[in-house]
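Shown next: run_4.cif, containing mmCIF, C-alpha atoms.
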data_input
loop_
_atom_site.group_PDB
_atom_site.id
_atom_site.type_symbol
_atom_site.label_atom_id
_atom_site.label_comp_id
_atom_site.auth_asym_id
_atom_site.auth_seq_id
_atom_site.Cartn_x
_atom_site.Cartn_y
_atom_site.Cartn_z
ATOM 1 C CA MET A 1 -38.242 4.685 -5.373
ATOM 2 C CA VAL A 2 -36.779 7.850 -6.890
ATOM 3 C CA GLY A 3 -37.610 10.931 -4.830
ATOM 4 C CA ARG A 4 -39.833 8.970 -2.433
ATOM 5 C CA GLU A 5 -37.252 7.486 -0.077
ATOM 6 C CA ARG A 6 -38.588 9.372 2.943
ATOM 7 C CA ASP A 7 -42.210 8.439 2.178
ATOM 8 C CA LEU A 8 -41.240 4.806 1.656
ATOM 9 C CA ALA A 9 -39.383 4.737 4.974
ATOM 10 C CA ALA A 10 -42.411 6.224 6.751
ATOM 11 C CA LEU A 11 -44.685 3.584 5.209
ATOM 12 C CA ARG A 12 -42.403 0.737 6.214
ATOM 13 C CA ALA A 13 -42.091 2.046 9.769
ATOM 14 C CA ALA A 14 -45.862 2.425 10.171
ATOM 15 C CA LEU A 15 -46.666 -1.004 8.762
ATOM 16 C CA SER A 16 -44.041 -2.676 10.928
ATOM 17 C CA ALA A 17 -46.216 -2.018 13.982
ATOM 18 C CA PRO A 18 -49.769 -3.123 13.051
ATOM 19 C CA PRO A 19 -52.615 -2.478 13.254
ATOM 20 C CA VAL A 20 -52.438 0.853 11.442
ATOM 21 C CA VAL A 21 -54.502 2.915 9.029
ATOM 22 C CA VAL A 22 -52.341 4.610 6.378
ATOM 23 C CA LEU A 23 -53.718 7.357 4.139
ATOM 24 C CA VAL A 24 -51.729 8.235 1.003
ATOM 25 C CA GLU A 25 -53.070 11.340 -0.712
ATOM 26 C CA GLY A 26 -51.994 13.340 -3.733
ATOM 27 C CA GLU A 27 -53.077 14.622 -7.126
ATOM 28 C CA ALA A 28 -53.325 12.504 -10.254
ATOM 29 C CA GLY A 29 -49.920 11.473 -11.560
ATOM 30 C CA ILE A 30 -48.082 12.241 -8.318
ATOM 31 C CA GLY A 31 -47.002 8.604 -7.841
ATOM 32 C CA LYS A 32 -49.370 7.119 -5.255
ATOM 33 C CA SER A 33 -49.758 3.797 -7.055
ATOM 34 C CA ARG A 34 -46.054 3.536 -7.789
ATOM 35 C CA LEU A 35 -45.213 4.127 -4.134
ATOM 36 C CA ILE A 36 -47.685 1.500 -2.890
ATOM 37 C CA GLN A 37 -46.789 -1.086 -5.483
ATOM 38 C CA GLY A 38 -43.080 -0.483 -4.937
ATOM 39 C CA LEU A 39 -43.569 -0.993 -1.208
ATOM 40 C CA LEU A 40 -45.472 -4.235 -1.685
ATOM 41 C CA ALA A 41 -43.094 -5.580 -4.338
ATOM 42 C CA ALA A 42 -39.789 -4.904 -2.645
ATOM 43 C CA HIS A 43 -40.629 -4.296 0.994
ATOM 44 C CA ALA A 44 -43.741 -6.329 1.794
ATOM 45 C CA PRO A 45 -44.534 -6.056 5.508
ATOM 46 C CA ALA A 46 -42.960 -8.961 7.378
ATOM 47 C CA ARG A 47 -45.271 -11.816 8.439
ATOM 48 C CA GLN A 48 -48.238 -10.155 6.742
ATOM 49 C CA ARG A 49 -50.264 -11.417 3.851
ATOM 50 C CA VAL A 50 -51.359 -8.521 1.662
ATOM 51 C CA LEU A 51 -54.439 -7.954 -0.493
ATOM 52 C CA LEU A 52 -54.271 -5.191 -3.100
ATOM 53 C CA ALA A 53 -57.587 -3.762 -4.310
ATOM 54 C CA ALA A 54 -58.257 -1.028 -6.862
ATOM 55 C CA CYS A 55 -61.370 1.084 -7.336
ATOM 56 C CA PRO A 56 -62.245 1.316 -11.058
ATOM 57 C CA THR A 57 -63.216 4.552 -12.785
ATOM 58 C CA VAL A 58 -66.674 3.359 -13.791
ATOM 59 C CA ARG A 59 -69.765 5.574 -13.725
ATOM 60 C CA GLN A 60 -71.662 3.178 -11.449
ATOM 61 C CA PRO A 61 -69.212 1.407 -9.107
ATOM 62 C CA PHE A 62 -70.024 -2.195 -8.222
ATOM 63 C CA THR A 63 -71.138 -2.788 -4.649
ATOM 64 C CA LEU A 64 -68.057 -3.877 -2.677
ATOM 65 C CA GLY A 65 -66.432 -4.588 -6.051
ATOM 66 C CA PRO A 66 -62.837 -3.676 -5.080
ATOM 67 C CA VAL A 67 -62.941 -5.837 -1.946
ATOM 68 C CA VAL A 68 -64.552 -8.813 -3.699
ATOM 69 C CA ASP A 69 -62.100 -8.647 -6.622
ATOM 70 C CA ALA A 70 -59.169 -8.582 -4.188
ATOM 71 C CA ILE A 71 -60.401 -11.536 -2.102
ATOM 72 C CA ARG A 72 -61.464 -13.811 -4.992
ATOM 73 C CA PRO A 73 -57.937 -14.681 -6.284
ATOM 74 C CA ALA A 74 -56.580 -15.075 -2.733
ATOM 75 C CA THR A 75 -57.981 -18.632 -2.489
ATOM 76 C CA GLU A 76 -59.529 -21.169 -4.830
ATOM 77 C CA ASP A 77 -61.607 -22.918 -2.170
ATOM 78 C CA VAL A 78 -62.869 -21.745 1.210
ATOM 79 C CA ALA A 79 -63.984 -25.164 2.405
ATOM 80 C CA GLY A 80 -60.954 -25.643 4.631
ATOM 81 C CA LEU A 81 -60.996 -22.205 6.265
ATOM 82 C CA GLY A 82 -63.290 -23.169 9.123
ATOM 83 C CA LEU A 83 -65.787 -20.411 8.386
ATOM 84 C CA SER A 84 -68.728 -19.887 10.714
ATOM 85 C CA GLY A 85 -72.368 -19.813 9.661
ATOM 86 C CA LEU A 86 -71.974 -16.065 9.283
ATOM 87 C CA ALA A 87 -70.062 -16.671 6.032
ATOM 88 C CA GLY A 88 -73.297 -17.781 4.359
ATOM 89 C CA ALA A 89 -73.977 -14.069 3.852
ATOM 90 C CA LEU A 90 -71.160 -14.092 1.283
ATOM 91 C CA ARG A 91 -73.066 -16.272 -1.198
ATOM 92 C CA PRO A 92 -74.398 -13.344 -3.315
ATOM 93 C CA LEU A 93 -70.871 -11.898 -3.610
ATOM 94 C CA PHE A 94 -69.056 -15.184 -4.290
ATOM 95 C CA PRO A 95 -71.435 -17.518 -6.187
ATOM 96 C CA GLU A 96 -68.439 -19.579 -7.349
ATOM 97 C CA TRP A 97 -67.946 -20.700 -3.732
ATOM 98 C CA ALA A 98 -71.560 -21.782 -3.276
ATOM 99 C CA THR A 99 -70.703 -25.443 -2.599
ATOM 100 C CA SER A 100 -68.151 -24.507 0.072
ATOM 101 C CA LEU A 101 -69.955 -21.748 1.936
ATOM 102 C CA PRO A 102 -72.425 -22.334 4.788
ATOM 103 C CA PRO A 103 -76.154 -21.981 4.035
ATOM 104 C CA THR A 104 -77.586 -18.507 3.631
ATOM 105 C CA PRO A 105 -78.601 -17.206 7.073
ATOM 106 C CA ASP A 106 -82.147 -16.203 7.888
ATOM 107 C CA PRO A 107 -83.143 -12.735 6.635
ATOM 108 C CA ALA A 108 -81.922 -9.863 8.808
ATOM 109 C CA GLU A 109 -84.331 -7.523 10.517
ATOM 110 C CA ASP A 110 -83.499 -4.604 8.203
ATOM 111 C CA ALA A 111 -81.016 -3.444 5.568
ATOM 112 C CA ALA A 112 -78.600 -2.021 8.145
ATOM 113 C CA ALA A 113 -78.456 -5.303 10.048
ATOM 114 C CA ALA A 114 -77.917 -7.230 6.793
ATOM 115 C CA ARG A 115 -75.048 -4.902 5.843
ATOM 116 C CA HIS A 116 -73.433 -5.286 9.264
ATOM 117 C CA ARG A 117 -73.692 -9.078 8.975
ATOM 118 C CA LEU A 118 -72.063 -8.960 5.549
ATOM 119 C CA PHE A 119 -69.196 -6.797 6.807
ATOM 120 C CA ARG A 120 -68.585 -9.214 9.682
ATOM 121 C CA ALA A 121 -68.518 -12.107 7.216
ATOM 122 C CA ILE A 122 -65.922 -10.347 5.024
ATOM 123 C CA GLU A 123 -63.862 -9.527 8.106
ATOM 124 C CA GLU A 124 -63.972 -13.196 9.097
ATOM 125 C CA ILE A 125 -62.735 -14.411 5.722
ATOM 126 C CA LEU A 126 -59.894 -11.861 5.779
ATOM 127 C CA GLU A 127 -58.840 -13.203 9.170
ATOM 128 C CA ARG A 128 -59.132 -16.848 8.068
ATOM 129 C CA LEU A 129 -56.973 -16.078 5.031
ATOM 130 C CA GLY A 130 -54.373 -14.495 7.301
ATOM 131 C CA ILE A 131 -54.608 -11.068 5.683
ATOM 132 C CA GLY A 132 -52.578 -8.546 7.642
ATOM 133 C CA LEU A 133 -52.877 -5.622 5.241
ATOM 134 C CA LEU A 134 -55.663 -4.535 2.896
ATOM 135 C CA ALA A 135 -54.403 -1.919 0.413
ATOM 136 C CA VAL A 136 -57.051 -0.098 -1.610
ATOM 137 C CA GLU A 137 -56.057 2.304 -4.385
ATOM 138 C CA ASP A 138 -58.098 5.259 -5.687
ATOM 139 C CA VAL A 139 -60.649 5.186 -2.873
ATOM 140 C CA HIS A 140 -62.134 8.469 -4.152
ATOM 141 C CA TRP A 141 -63.826 6.269 -6.785
ATOM 142 C CA ALA A 142 -65.113 3.658 -4.327
ATOM 143 C CA ASP A 143 -68.789 2.837 -3.937
ATOM 144 C CA GLU A 144 -70.570 3.687 -0.697
ATOM 145 C CA ALA A 145 -70.553 0.086 0.555
ATOM 146 C CA THR A 146 -66.783 -0.212 0.123
ATOM 147 C CA LEU A 147 -66.226 3.025 2.037
ATOM 148 C CA GLU A 148 -68.578 1.803 4.765
ATOM 149 C CA PHE A 149 -66.632 -1.456 4.989
ATOM 150 C CA LEU A 150 -63.313 0.407 5.349
ATOM 151 C CA LEU A 151 -64.869 2.500 8.122
ATOM 152 C CA PHE A 152 -66.142 -0.696 9.720
ATOM 153 C CA LEU A 153 -62.634 -2.222 9.773
ATOM 154 C CA ALA A 154 -61.064 0.979 11.097
ATOM 155 C CA SER A 155 -63.596 1.151 13.943
ATOM 156 C CA ARG A 156 -63.119 -2.390 15.269
ATOM 157 C CA PRO A 157 -61.984 -2.370 18.936
ATOM 158 C CA ARG A 158 -59.543 -5.229 18.288
ATOM 159 C CA GLN A 159 -58.585 -4.442 14.725
ATOM 160 C CA GLN A 160 -56.494 -7.198 13.139
ATOM 161 C CA VAL A 161 -56.263 -5.996 9.535
ATOM 162 C CA SER A 162 -54.251 -2.875 8.722
ATOM 163 C CA LEU A 163 -55.529 -0.530 6.014
ATOM 164 C CA LEU A 164 -53.572 1.318 3.348
ATOM 165 C CA VAL A 165 -55.686 3.558 1.118
ATOM 166 C CA SER A 166 -54.804 6.085 -1.574
ATOM 167 C CA TYR A 167 -56.933 8.890 -2.959
ATOM 168 C CA ARG A 168 -56.986 12.308 -4.613
ATOM 169 C CA PRO A 169 -58.080 14.951 -2.076
ATOM 170 C CA GLU A 170 -59.495 17.186 -4.812
ATOM 171 C CA GLU A 171 -61.862 14.393 -5.882
ATOM 172 C CA ILE A 172 -63.535 14.045 -2.487
ATOM 173 C CA THR A 173 -67.014 15.534 -2.305
ATOM 174 C CA PRO A 174 -68.150 17.276 0.904
ATOM 175 C CA ASP A 175 -70.562 14.441 1.709
ATOM 176 C CA SER A 176 -68.111 11.592 1.032
ATOM 177 C CA LEU A 177 -67.691 8.926 3.705
ATOM 178 C CA LEU A 178 -63.976 9.058 2.979
ATOM 179 C CA LEU A 179 -63.812 12.216 5.081
ATOM 180 C CA ARG A 180 -64.892 10.184 8.116
ATOM 181 C CA LEU A 181 -61.989 7.818 7.517
ATOM 182 C CA SER A 182 -59.460 10.612 7.042
ATOM 183 C CA SER A 183 -60.660 12.897 9.837
ATOM 184 C CA ARG A 184 -60.984 10.471 12.733
ATOM 185 C CA GLN A 185 -58.445 8.510 14.710
ATOM 186 C CA PRO A 186 -59.149 4.798 14.105
ATOM 187 C CA THR A 187 -60.194 2.685 17.081
ATOM 188 C CA GLY A 188 -57.400 0.519 18.441
ATOM 189 C CA ALA A 189 -54.934 1.400 15.678
ATOM 190 C CA ALA A 190 -52.311 3.982 14.794
ATOM 191 C CA ARG A 191 -52.712 6.298 11.816
ATOM 192 C CA LEU A 192 -50.315 7.762 9.264
ATOM 193 C CA ARG A 193 -51.203 10.330 6.610
ATOM 194 C CA LEU A 194 -48.784 10.850 3.712
ATOM 195 C CA SER A 195 -49.360 13.823 1.407
ATOM 196 C CA LEU A 196 -47.203 13.314 -1.679
ATOM 197 C CA GLU A 197 -45.655 16.448 -3.169
ATOM 198 C CA PRO A 198 -44.172 17.061 -6.641
ATOM 199 C CA LEU A 199 -40.488 16.307 -7.131
ATOM 200 C CA ASP A 200 -37.928 19.091 -6.814
ATOM 201 C CA VAL A 201 -35.210 19.721 -9.413
ATOM 202 C CA PRO A 202 -32.772 17.124 -7.966
ATOM 203 C CA GLY A 203 -35.630 14.617 -7.771
ATOM 204 C CA THR A 204 -36.515 15.359 -11.391
ATOM 205 C CA ALA A 205 -32.897 14.756 -12.406
ATOM 206 C CA ALA A 206 -32.804 11.487 -10.459
ATOM 207 C CA MET A 207 -36.022 10.264 -12.066
ATOM 208 C CA VAL A 208 -34.801 11.013 -15.596
ATOM 209 C CA SER A 209 -31.471 9.360 -14.806
ATOM 210 C CA SER A 210 -33.288 6.229 -13.666
ATOM 211 C CA MET A 211 -35.149 6.164 -16.991
ATOM 212 C CA LEU A 212 -31.870 6.444 -18.907
ATOM 213 C CA GLY A 213 -30.065 3.574 -17.255
ATOM 214 C CA GLY A 214 -28.345 5.693 -14.634
ATOM 215 C CA GLU A 215 -26.813 8.185 -17.065
ATOM 216 C CA ARG A 216 -26.126 11.558 -15.467
ATOM 217 C CA VAL A 217 -28.588 14.363 -16.221
ATOM 218 C CA SER A 218 -27.336 17.948 -16.135
ATOM 219 C CA ASP A 219 -28.764 20.468 -13.698
ATOM 220 C CA GLU A 220 -29.749 22.700 -16.615
ATOM 221 C CA PHE A 221 -31.766 19.975 -18.304
ATOM 222 C CA ALA A 222 -33.415 18.980 -15.006
ATOM 223 C CA THR A 223 -34.375 22.613 -14.378
ATOM 224 C CA ILE A 224 -35.863 22.979 -17.859
ATOM 225 C CA LEU A 225 -37.877 19.793 -17.461
ATOM 226 C CA HIS A 226 -38.983 20.717 -13.941
ATOM 227 C CA ASP A 227 -40.228 24.099 -15.157
ATOM 228 C CA ARG A 228 -42.147 22.319 -17.898
ATOM 229 C CA THR A 229 -43.748 19.686 -15.667
ATOM 230 C CA ASP A 230 -43.899 21.328 -12.212
ATOM 231 C CA GLY A 231 -42.216 18.187 -10.900
ATOM 232 C CA LEU A 232 -45.228 15.934 -11.487
ATOM 233 C CA PRO A 233 -43.756 12.421 -11.966
ATOM 234 C CA LEU A 234 -46.306 11.394 -14.609
ATOM 235 C CA ALA A 235 -45.598 14.525 -16.670
ATOM 236 C CA ILE A 236 -41.840 14.041 -16.306
ATOM 237 C CA GLU A 237 -41.983 10.438 -17.446
ATOM 238 C CA GLU A 238 -44.279 11.075 -20.410
ATOM 239 C CA SER A 239 -42.309 14.144 -21.541
ATOM 240 C CA VAL A 240 -39.037 12.228 -21.522
ATOM 241 C CA ARG A 241 -40.625 9.368 -23.466
ATOM 242 C CA LEU A 242 -41.850 11.768 -26.136
ATOM 243 C CA MET A 243 -38.442 13.444 -26.330
ATOM 244 C CA TRP A 244 -36.783 10.063 -26.644
ATOM 245 C CA ASN A 245 -38.871 9.384 -29.738
ATOM 246 C CA HIS A 246 -37.139 12.401 -31.312
ATOM 247 C CA GLY A 247 -33.639 11.350 -30.233
ATOM 248 C CA ASP A 248 -31.627 10.914 -27.050
ATOM 249 C CA PRO A 249 -32.210 14.066 -24.928
ATOM 250 C CA THR A 250 -28.992 13.620 -22.937
ATOM 251 C CA ARG A 251 -26.561 13.644 -25.838
ATOM 252 C CA ARG A 252 -27.460 16.788 -27.748
ATOM 253 C CA GLY A 253 -27.118 19.558 -25.167
ATOM 254 C CA ASP A 254 -29.522 21.610 -23.089
ATOM 255 C CA SER A 255 -30.454 23.995 -25.907
ATOM 256 C CA TRP A 256 -31.616 21.004 -27.954
ATOM 257 C CA ALA A 257 -33.580 19.744 -24.948
ATOM 258 C CA ARG A 258 -35.280 23.107 -24.518
ATOM 259 C CA GLN A 259 -36.239 23.150 -28.201
ATOM 260 C CA ARG A 260 -37.579 19.603 -28.090
ATOM 261 C CA LEU A 261 -39.670 20.359 -25.013
ATOM 262 C CA ARG A 262 -41.331 23.214 -26.912
ATOM 263 C CA GLU A 263 -42.012 20.979 -29.883
ATOM 264 C CA ILE A 264 -43.485 17.905 -28.240
ATOM 265 C CA GLY A 265 -46.589 19.581 -26.828
ATOM 266 C CA VAL A 266 -48.564 18.119 -23.934
ATOM 267 C CA PRO A 267 -48.047 14.354 -23.516
ATOM 268 C CA PRO A 268 -51.295 12.512 -24.378
ATOM 269 C CA THR A 269 -51.486 10.788 -20.999
ATOM 270 C CA VAL A 270 -51.232 14.121 -19.157
ATOM 271 C CA ARG A 271 -53.781 15.658 -21.530
ATOM 272 C CA ASP A 272 -56.261 12.852 -20.830
ATOM 273 C CA VAL A 273 -55.807 13.207 -17.061
ATOM 274 C CA VAL A 274 -56.602 16.923 -17.277
ATOM 275 C CA LEU A 275 -59.631 16.331 -19.512
ATOM 276 C CA GLU A 276 -60.933 13.582 -17.230
ATOM 277 C CA ARG A 277 -60.776 15.935 -14.263
ATOM 278 C CA SER A 278 -62.093 19.030 -16.026
ATOM 279 C CA VAL A 279 -65.330 17.474 -17.288
ATOM 280 C CA ARG A 280 -66.447 17.007 -13.689
ATOM 281 C CA LEU A 281 -65.935 20.661 -12.745
ATOM 282 C CA GLY A 282 -68.776 23.155 -12.511
ATOM 283 C CA PRO A 283 -69.627 25.589 -15.355
ATOM 284 C CA SER A 284 -67.752 28.534 -13.821
ATOM 285 C CA ALA A 285 -64.592 26.515 -13.237
ATOM 286 C CA GLN A 286 -64.716 25.179 -16.795
ATOM 287 C CA ALA A 287 -65.117 28.719 -18.115
ATOM 288 C CA ALA A 288 -62.022 29.752 -16.143
ATOM 289 C CA LEU A 289 -60.069 26.837 -17.634
ATOM 290 C CA ARG A 290 -61.102 27.777 -21.165
ATOM 291 C CA ALA A 291 -60.070 31.367 -20.527
ATOM 292 C CA ALA A 292 -56.690 30.361 -19.124
ATOM 293 C CA ALA A 293 -56.128 28.039 -22.085
ATOM 294 C CA VAL A 294 -56.196 30.908 -24.604
ATOM 295 C CA LEU A 295 -53.885 33.170 -22.582
ATOM 296 C CA THR A 296 -50.357 32.361 -23.765
ATOM 297 C CA ASP A 297 -48.632 34.129 -20.852
ATOM 298 C CA PRO A 298 -49.311 34.093 -17.104
ATOM 299 C CA ALA A 299 -52.254 36.409 -16.480
ATOM 300 C CA SER A 300 -53.903 38.117 -13.537
ATOM 301 C CA GLU A 301 -57.210 37.005 -12.093
ATOM 302 C CA ASP A 302 -58.868 40.077 -13.600
ATOM 303 C CA ALA A 303 -57.611 39.113 -17.068
ATOM 304 C CA VAL A 304 -58.925 35.566 -16.714
ATOM 305 C CA VAL A 305 -62.332 36.834 -15.607
ATOM 306 C CA GLU A 306 -62.427 39.319 -18.494
ATOM 307 C CA VAL A 307 -61.752 36.533 -20.997
ATOM 308 C CA MET A 308 -64.374 34.357 -19.283
ATOM 309 C CA ALA A 309 -67.042 37.042 -19.809
ATOM 310 C CA PRO A 310 -66.028 40.394 -21.358
ATOM 311 C CA GLU A 311 -67.429 43.620 -19.930
ATOM 312 C CA GLY A 312 -71.042 44.021 -21.016
ATOM 313 C CA ASP A 313 -71.648 40.317 -21.454
ATOM 314 C CA PRO A 314 -74.722 39.176 -19.461
ATOM 315 C CA ALA A 315 -72.576 36.433 -17.932
ATOM 316 C CA SER A 316 -70.012 38.932 -16.698
ATOM 317 C CA ARG A 317 -71.831 39.566 -13.432
ATOM 318 C CA GLY A 318 -71.863 35.846 -12.644
ATOM 319 C CA CYS A 319 -68.159 35.524 -13.444
ATOM 320 C CA GLN A 320 -67.314 38.426 -11.162
ATOM 321 C CA ALA A 321 -69.282 36.774 -8.372
ATOM 322 C CA TRP A 322 -67.440 33.501 -9.067
ATOM 323 C CA ARG A 323 -64.109 35.339 -8.842
ATOM 324 C CA LYS A 324 -64.983 36.792 -5.431
ATOM 325 C CA ARG A 325 -65.944 33.360 -4.100
ATOM 326 C CA TRP A 326 -62.761 31.828 -5.592
ATOM 327 C CA VAL A 327 -60.521 34.484 -4.029
ATOM 328 C CA ARG A 328 -62.209 34.034 -0.637
ATOM 329 C CA GLY A 329 -61.737 30.261 -0.929
ATOM 330 C CA CYS A 330 -58.037 30.674 -1.552
#

Produce structure tokens that represent the structure in this file.
Amino acid sequence: MVGRERDLAALRAALSAPPVVVLVEGEAGIGKSRLIQGLLAAHAPARQRVLLAACPTVRQPFTLGPVVDAIRPATEDVAGLGLSGLAGALRPLFPEWATSLPPTPDPAEDAAAARHRLFRAIEEILERLGIGLLAVEDVHWADEATLEFLLFLASRPRQQVSLLVSYRPEEITPDSLLLRLSSRQPTGAARLRLSLEPLDVPGTAAMVSSMLGGERVSDEFATILHDRTDGLPLAIEESVRLMWNHGDPTRRGDSWARQRLREIGVPPTVRDVVLERSVRLGPSAQAALRAAAVLTDPASEDAVVEVMAPEGDPASRGCQAWRKRWVRGC
């Protein structure tokens, strides 16, 4: 794991002493998924069976969809698991197991009691399957029921399943249940929070070298690329791939590399990540982005606000108010 050796070591140490709740946070493209998948592929926690779930980027998330999709391929038949009658509550989620699950229990007194029964049934099947670690990626996109289930597991007095979740802090809304998971010490378990940072210049050089079969990358080239990408692994990888399409960037000198970086433009993957995030911003923030996009050189806050709404424009007063709130927030 290039540039993530310390983070990987911290993950391995935490997961070696279960139960534990691990929070991996960082912006889009920072390498959260790569870190988790690298850990599970090469350094799977000893004596633990792992389930990996992912929260899809759909407009209307499916109720408990990530958890159900992770459990379903873990076993073909639950008949031999010795499930209690509680597992009958799983019938709506796993209709393919209908012949192996106990009968549906009597209706619960209310919706909260039914949800609690369902969570207990999922916890039971995780235990019967011998799951020691449930890893859930992109939890900022999870549905409310999935977040409630993660909180349920983290609050169990005798927690048996460790949790590993990843998310983008900037995507969390003030009313998200994820804040309850990240702000409270779990019951009966340790907690580790990893905040992934961009790579530095040596880390950028190491990442490019790993993409080029171990070939050495000059400090000058690494510095140029780092300035271009701010050390974001996704941007580094996509920029190098685009440069490679125009010729080997390591064999033509740093001046050639600098020229190619100017020519290739923004990698499509990075562009799409920015667009996906920007459409969910408020009107004032989008106006600031549009203003910054037409300023070719670094500009002051006053210049950005002026481009957002020139003096005399009816919207200018609102932009000035936005600027004051933004400055206070920083």

Exercise. List the residues selected by the PyMOL selection byres ((chain A and resi 162-177) around 7) in the file shown, writing them as a list in words.
Key: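 With the shown file as input, the PyMOL selection byres ((chain A and resi 162-177) around 7) matches Pro18, Pro19, Val20, Val21, Val22, Leu23, Val24, Glu25, Gly26, Glu27, Ala28, Lys32, Gly132, Leu133, Leu134, Ala135, Val136, Glu137, Asp138, Val139, His140, Leu147, Gln160, Val161, Leu178, Leu179, Arg180 and Leu181 of chain A.
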
Take the PyMOL selection byres ((chain A and resi 120-128) around 7), apply it to the structure above, and return the hits as a compact mmCIF listing (two decimals) with C-alpha atoms, keeping the file's coordinate frame.
# COMPACT_ATOMS: atom_id res chain seq x y z
CA LEU A 81 -61.00 -22.20 6.26
CA LEU A 86 -71.97 -16.07 9.28
CA ALA A 87 -70.06 -16.67 6.03
CA ALA A 89 -73.98 -14.07 3.85
CA LEU A 90 -71.16 -14.09 1.28
CA HIS A 116 -73.43 -5.29 9.26
CA ARG A 117 -73.69 -9.08 8.98
CA LEU A 118 -72.06 -8.96 5.55
CA PHE A 119 -69.20 -6.80 6.81
CA LEU A 129 -56.97 -16.08 5.03
CA GLY A 130 -54.37 -14.50 7.30
CA ILE A 131 -54.61 -11.07 5.68

Quiz item: Using the chain letters and numbers from the file, which residues does the PyMOL selection byres ((chain A and resi 283-289) around 8) grab, as a list in words?
Solution: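 On the file shown, the PyMOL selection byres ((chain A and resi 283-289) around 8) covers Ser278, Val279, Leu281, Gly282, Arg290, Ala291, Ala292, Ala293, Val304, Val305, Met308, Cys319 and Trp322 of chain A.
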
Practice problem: Dump as a PyMOL selection string all residues having an atom at most 12 Å from (-62.1, 2.5, -14.2), computed in the file's coordinates with all atoms listed in the file. | Solution: chain A and resi 54-62+65-66+137-142+276

Counting only C-alpha atoms, note down every residue that has an atom within 12 Å of the point (-29.9, 19.3, -12.8) (file coordinates), as a PDB file with C-alpha atoms, keeping the file's coordinate frame.
ATOM      1  CA  ASP A 200     -37.928  19.091  -6.814  1.00  0.00           C
ATOM      2  CA  VAL A 201     -35.210  19.721  -9.413  1.00  0.00           C
ATOM      3  CA  PRO A 202     -32.772  17.124  -7.966  1.00  0.00           C
ATOM      4  CA  GLY A 203     -35.630  14.617  -7.771  1.00  0.00           C
ATOM      5  CA  THR A 204     -36.515  15.359 -11.391  1.00  0.00           C
ATOM      6  CA  ALA A 205     -32.897  14.756 -12.406  1.00  0.00           C
ATOM      7  CA  ALA A 206     -32.804  11.487 -10.459  1.00  0.00           C
ATOM      8  CA  MET A 207     -36.022  10.264 -12.066  1.00  0.00           C
ATOM      9  CA  VAL A 208     -34.801  11.013 -15.596  1.00  0.00           C
ATOM     10  CA  SER A 209     -31.471   9.360 -14.806  1.00  0.00           C
ATOM     11  CA  ARG A 216     -26.126  11.558 -15.467  1.00  0.00           C
ATOM     12  CA  VAL A 217     -28.588  14.363 -16.221  1.00  0.00           C
ATOM     13  CA  SER A 218     -27.336  17.948 -16.135  1.00  0.00           C
ATOM     14  CA  ASP A 219     -28.764  20.468 -13.698  1.00  0.00           C
ATOM     15  CA  GLU A 220     -29.749  22.700 -16.615  1.00  0.00           C
ATOM     16  CA  PHE A 221     -31.766  19.975 -18.304  1.00  0.00           C
ATOM     17  CA  ALA A 222     -33.415  18.980 -15.006  1.00  0.00           C
ATOM     18  CA  THR A 223     -34.375  22.613 -14.378  1.00  0.00           C
ATOM     19  CA  ILE A 224     -35.863  22.979 -17.859  1.00  0.00           C
ATOM     20  CA  LEU A 225     -37.877  19.793 -17.461  1.00  0.00           C
ATOM     21  CA  HIS A 226     -38.983  20.717 -13.941  1.00  0.00           C
ATOM     22  CA  ASP A 227     -40.228  24.099 -15.157  1.00  0.00           C
ATOM     23  CA  THR A 250     -28.992  13.620 -22.937  1.00  0.00           C
ATOM     24  CA  ASP A 254     -29.522  21.610 -23.089  1.00  0.00           C
TER      25      ASP A 254
END

Practice problem: Considering all atoms listed in the file, state which residue in the set A:Arg72, A:Val274, A:Arg91, A:Ala303 is at the smallest distance from A:Pro103. | Solution: A:Arg91

Exercise. In Å, rounded to a single decimal, give me how far atom CA of A:Gly3 is from atom CA of A:Gly38.
Key: 12.7 Å

Exercise. Rounded to one decimal place, report the atom CA of A:Leu83-atom CA of A:Ala190 distance in Å.
Key: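 Separation between atom CA of A:Leu83 and atom CA of A:Ala190: 28.6 Å.
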
Exercise. Would you kindly return, as JSON, numbers by chain, each protein, DNA or RNA residue with an atom no farther than 10 Å from any atom of A:Arg34, considering all atoms listed in the file and excluding same-chain residues fewer than 5 positions away?
Key: {"A": [1, 4, 29, 39, 40]}

Dump of C-alpha atoms for the selected residues, as a short mmCIF file (atom, residue, chain, number, x, y, z; two decimals), keeping the file's coordinate frame:
data_model
loop_
_atom_site.label_atom_id
_atom_site.label_comp_id
_atom_site.auth_asym_id
_atom_site.auth_seq_id
_atom_site.Cartn_x
_atom_site.Cartn_y
_atom_site.Cartn_z
CA MET A 1 -38.24 4.68 -5.37
CA ARG A 4 -39.83 8.97 -2.43
CA GLY A 29 -49.92 11.47 -11.56
CA LEU A 39 -43.57 -0.99 -1.21
CA LEU A 40 -45.47 -4.24 -1.68
#

Quiz item: Any idea what the distance is between atom CA of A:Leu275 and atom CA of A:Glu306?
Solution: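 Between atom CA of A:Leu275 and atom CA of A:Glu306 the gap works out to 23.2 Å.
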
If we count only C-alpha atoms and set the cut-off at 12 Å, which residues sit around A:Met211, ignoring sequence neighbours fewer than 6 positions away in its own chain? Please answer as a short mmCIF file (atom, residue, chain, number, x, y, z; two decimals) with C-alpha atoms, in the coordinates of the input.
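See selection_17.cif below for the written result:
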data_model
loop_
_atom_site.label_atom_id
_atom_site.label_comp_id
_atom_site.auth_asym_id
_atom_site.auth_seq_id
_atom_site.Cartn_x
_atom_site.Cartn_y
_atom_site.Cartn_z
CA VAL A 2 -36.78 7.85 -6.89
CA THR A 204 -36.52 15.36 -11.39
CA ALA A 205 -32.90 14.76 -12.41
CA VAL A 217 -28.59 14.36 -16.22
CA PRO A 233 -43.76 12.42 -11.97
CA ILE A 236 -41.84 14.04 -16.31
CA GLU A 237 -41.98 10.44 -17.45
CA GLU A 238 -44.28 11.08 -20.41
CA SER A 239 -42.31 14.14 -21.54
CA VAL A 240 -39.04 12.23 -21.52
CA ARG A 241 -40.62 9.37 -23.47
CA TRP A 244 -36.78 10.06 -26.64
CA ASP A 248 -31.63 10.91 -27.05
CA PRO A 249 -32.21 14.07 -24.93
CA THR A 250 -28.99 13.62 -22.94
#
